[in-house]
Amino acid sequence: MRHPMPQVRLDGAVSVMQWAPDLAIPVLGRLIAETGYEKDMSADELIEVRHEATLSLFDHFGTKYYDRDELIEPLRAYGVDIPSLK
């Protein structure tokens, strides 16, 4: 989950989410929050990675409404700060 390619980190984190969420959640959160890796990706790839990471976190935390701001506090507990969209 430390691979330089975001798609590989996403696949790894999603794969271990069920049995090691403490390892997967920070990786997924960073895929949403961090910038800089976009330069090596197409716009479609970037959207896919961020969307899949977000959906995995919504599912894990039981978020009823697909409002990314609802992930701010749960991710902060894992040391990941994501900006508010509001």
# chains A, B, ... in the order shown; residues from 1 in each chain; ligands from 1

call {"tool": "residues_around", "arguments": {"residues": "Leu28 in chain A", "least_positions_apart": "3", "cutoff": "10 Å", "atoms": "only C-alpha atoms", "output": "compact mmCIF listing (two decimals) with N, CA and C atoms, in the first residue's frame"}}
result
# COMPACT_ATOMS: atom_id res chain seq x y z
N MET A 1 0.82 -1.19 0.00
CA MET A 1 0.00 0.00 0.00
C MET A 1 0.87 1.26 0.00
N PRO A 6 -0.97 5.32 -7.53
CA PRO A 6 -2.18 5.42 -6.72
C PRO A 6 -3.17 4.28 -6.96
N ARG A 9 -2.10 1.37 -4.85
CA ARG A 9 -2.40 1.63 -3.43
C ARG A 9 -3.89 1.47 -3.16
N LEU A 10 -4.72 1.95 -4.08
CA LEU A 10 -6.17 1.80 -3.94
C LEU A 10 -6.55 0.33 -3.91
N ASP A 11 -6.07 -0.44 -4.85
CA ASP A 11 -6.40 -1.87 -4.90
C ASP A 11 -5.95 -2.59 -3.63
N GLY A 12 -4.76 -2.28 -3.16
CA GLY A 12 -4.28 -2.90 -1.93
C GLY A 12 -5.13 -2.54 -0.73
N ALA A 13 -5.47 -1.28 -0.59
CA ALA A 13 -6.26 -0.83 0.56
C ALA A 13 -7.66 -1.43 0.53
N VAL A 14 -8.28 -1.46 -0.64
CA VAL A 14 -9.62 -2.04 -0.74
C VAL A 14 -9.57 -3.53 -0.41
N MET A 17 -9.29 -4.00 3.47
CA MET A 17 -10.22 -3.24 4.30
C MET A 17 -10.99 -4.12 5.28
N LEU A 23 -5.03 -0.35 8.64
CA LEU A 23 -4.01 -0.14 7.61
C LEU A 23 -4.59 0.51 6.36
N ALA A 24 -5.81 0.13 6.01
CA ALA A 24 -6.42 0.59 4.76
C ALA A 24 -6.96 2.01 4.83
N ILE A 25 -7.57 2.38 5.94
CA ILE A 25 -8.24 3.68 6.04
C ILE A 25 -7.29 4.85 5.80
N LEU A 31 -5.44 9.11 -0.41
CA LEU A 31 -5.76 9.15 -1.83
C LEU A 31 -6.79 10.24 -2.13
N ILE A 32 -7.65 10.54 -1.16
CA ILE A 32 -8.63 11.60 -1.32
C ILE A 32 -7.98 12.97 -1.07
N ALA A 33 -7.16 13.04 -0.03
CA ALA A 33 -6.67 14.33 0.46
C ALA A 33 -5.43 14.85 -0.25
N VAL A 49 -9.85 6.85 -9.03
CA VAL A 49 -9.14 6.55 -7.78
C VAL A 49 -9.80 7.27 -6.61
N ARG A 50 -10.05 8.54 -6.75
CA ARG A 50 -10.66 9.30 -5.65
C ARG A 50 -12.08 8.84 -5.36
N GLU A 52 -13.44 5.77 -5.97
CA GLU A 52 -13.42 4.44 -5.35
C GLU A 52 -12.93 4.51 -3.89
N ALA A 53 -11.94 5.34 -3.63
CA ALA A 53 -11.46 5.50 -2.25
C ALA A 53 -12.57 6.07 -1.37
N THR A 54 -13.27 7.06 -1.88
CA THR A 54 -14.35 7.69 -1.13
C THR A 54 -15.49 6.70 -0.87
N LEU A 55 -15.89 5.96 -1.89
CA LEU A 55 -16.97 4.98 -1.71
C LEU A 55 -16.60 3.89 -0.70
N SER A 56 -15.36 3.45 -0.73
CA SER A 56 -14.91 2.44 0.24
C SER A 56 -15.00 2.97 1.66
N LEU A 57 -14.64 4.22 1.84
CA LEU A 57 -14.71 4.82 3.18
C LEU A 57 -16.16 5.06 3.60
N LEU A 75 -11.75 10.33 9.51
CA LEU A 75 -10.39 10.26 8.98
C LEU A 75 -9.39 10.99 9.87
N VAL A 80 -5.53 11.67 9.12
CA VAL A 80 -5.68 12.20 7.76
C VAL A 80 -6.65 13.37 7.80

call {"tool": "select_by_dssp", "arguments": {"residues": "chain A", "states": "helix (DSSP H, G or I)", "output": "ChimeraX atom specification"}}
result
/A:6-16,21-33,37-40,43-61,68-76

call {"tool": "write_last_selection", "arguments": {"atoms": "C-alpha atoms", "output": "short mmCIF file (atom, residue, chain, number, x, y, z; two decimals), in the first residue's frame"}}
result
data_model
loop_
_atom_site.label_atom_id
_atom_site.label_comp_id
_atom_site.auth_asym_id
_atom_site.auth_seq_id
_atom_site.Cartn_x
_atom_site.Cartn_y
_atom_site.Cartn_z
CA PRO A 6 -2.18 5.42 -6.72
CA GLN A 7 -4.20 2.71 -8.49
CA VAL A 8 -2.07 0.00 -6.87
CA ARG A 9 -2.40 1.63 -3.43
CA LEU A 10 -6.17 1.80 -3.94
CA ASP A 11 -6.40 -1.87 -4.90
CA GLY A 12 -4.28 -2.90 -1.93
CA ALA A 13 -6.26 -0.83 0.56
CA VAL A 14 -9.62 -2.04 -0.74
CA SER A 15 -8.38 -5.64 -0.60
CA VAL A 16 -7.37 -5.46 3.07
CA PRO A 21 -9.08 -1.42 8.31
CA ASP A 22 -6.48 0.35 10.46
CA LEU A 23 -4.01 -0.14 7.61
CA ALA A 24 -6.42 0.59 4.76
CA ILE A 25 -8.24 3.68 6.04
CA PRO A 26 -5.22 6.02 6.14
CA VAL A 27 -4.22 4.94 2.62
CA LEU A 28 -7.72 5.60 1.26
CA GLY A 29 -7.92 8.90 3.10
CA ARG A 30 -4.61 10.07 1.68
CA LEU A 31 -5.76 9.15 -1.83
CA ILE A 32 -8.63 11.60 -1.32
CA ALA A 33 -6.67 14.33 0.46
CA TYR A 37 0.22 12.39 -7.92
CA GLU A 38 -2.24 13.74 -10.53
CA LYS A 39 0.50 14.72 -12.97
CA ASP A 40 1.10 11.07 -13.87
CA ALA A 43 -8.35 12.95 -15.50
CA ASP A 44 -10.44 9.77 -15.73
CA GLU A 45 -7.92 7.79 -13.68
CA LEU A 46 -7.78 10.50 -11.02
CA ILE A 47 -11.57 10.61 -10.74
CA GLU A 48 -11.76 6.82 -10.53
CA VAL A 49 -9.14 6.55 -7.78
CA ARG A 50 -10.66 9.30 -5.65
CA HIS A 51 -14.22 8.07 -6.23
CA GLU A 52 -13.42 4.44 -5.35
CA ALA A 53 -11.46 5.50 -2.25
CA THR A 54 -14.35 7.69 -1.13
CA LEU A 55 -16.97 4.98 -1.71
CA SER A 56 -14.91 2.44 0.24
CA LEU A 57 -14.71 4.82 3.18
CA PHE A 58 -18.44 5.65 3.01
CA ASP A 59 -19.17 1.92 3.11
CA HIS A 60 -16.80 1.26 6.01
CA PHE A 61 -18.05 4.12 8.17
CA ARG A 68 -17.59 13.74 1.75
CA ASP A 69 -17.60 16.16 4.67
CA GLU A 70 -18.96 13.32 6.80
CA LEU A 71 -15.56 11.65 6.44
CA ILE A 72 -13.62 14.56 7.97
CA GLU A 73 -13.90 13.50 11.61
CA PRO A 74 -13.50 9.72 11.12
CA LEU A 75 -10.39 10.26 8.98
CA ARG A 76 -8.95 12.76 11.44
#

call {"tool": "atom_distance", "arguments": {"atom1": "CA of Met5 in chain A", "atom2": "CA of Met41 in chain A"}}
result
9.3 Å

call {"tool": "atom_distance", "arguments": {"atom1": "CA of Ser42 in chain A", "atom2": "CA of Tyr65 in chain A"}}
result
28.0 Å

call {"tool": "atom_distance", "arguments": {"atom1": "CA of Ala77 in chain A", "atom2": "CA of Pro4 in chain A"}}
result
24.5 Å
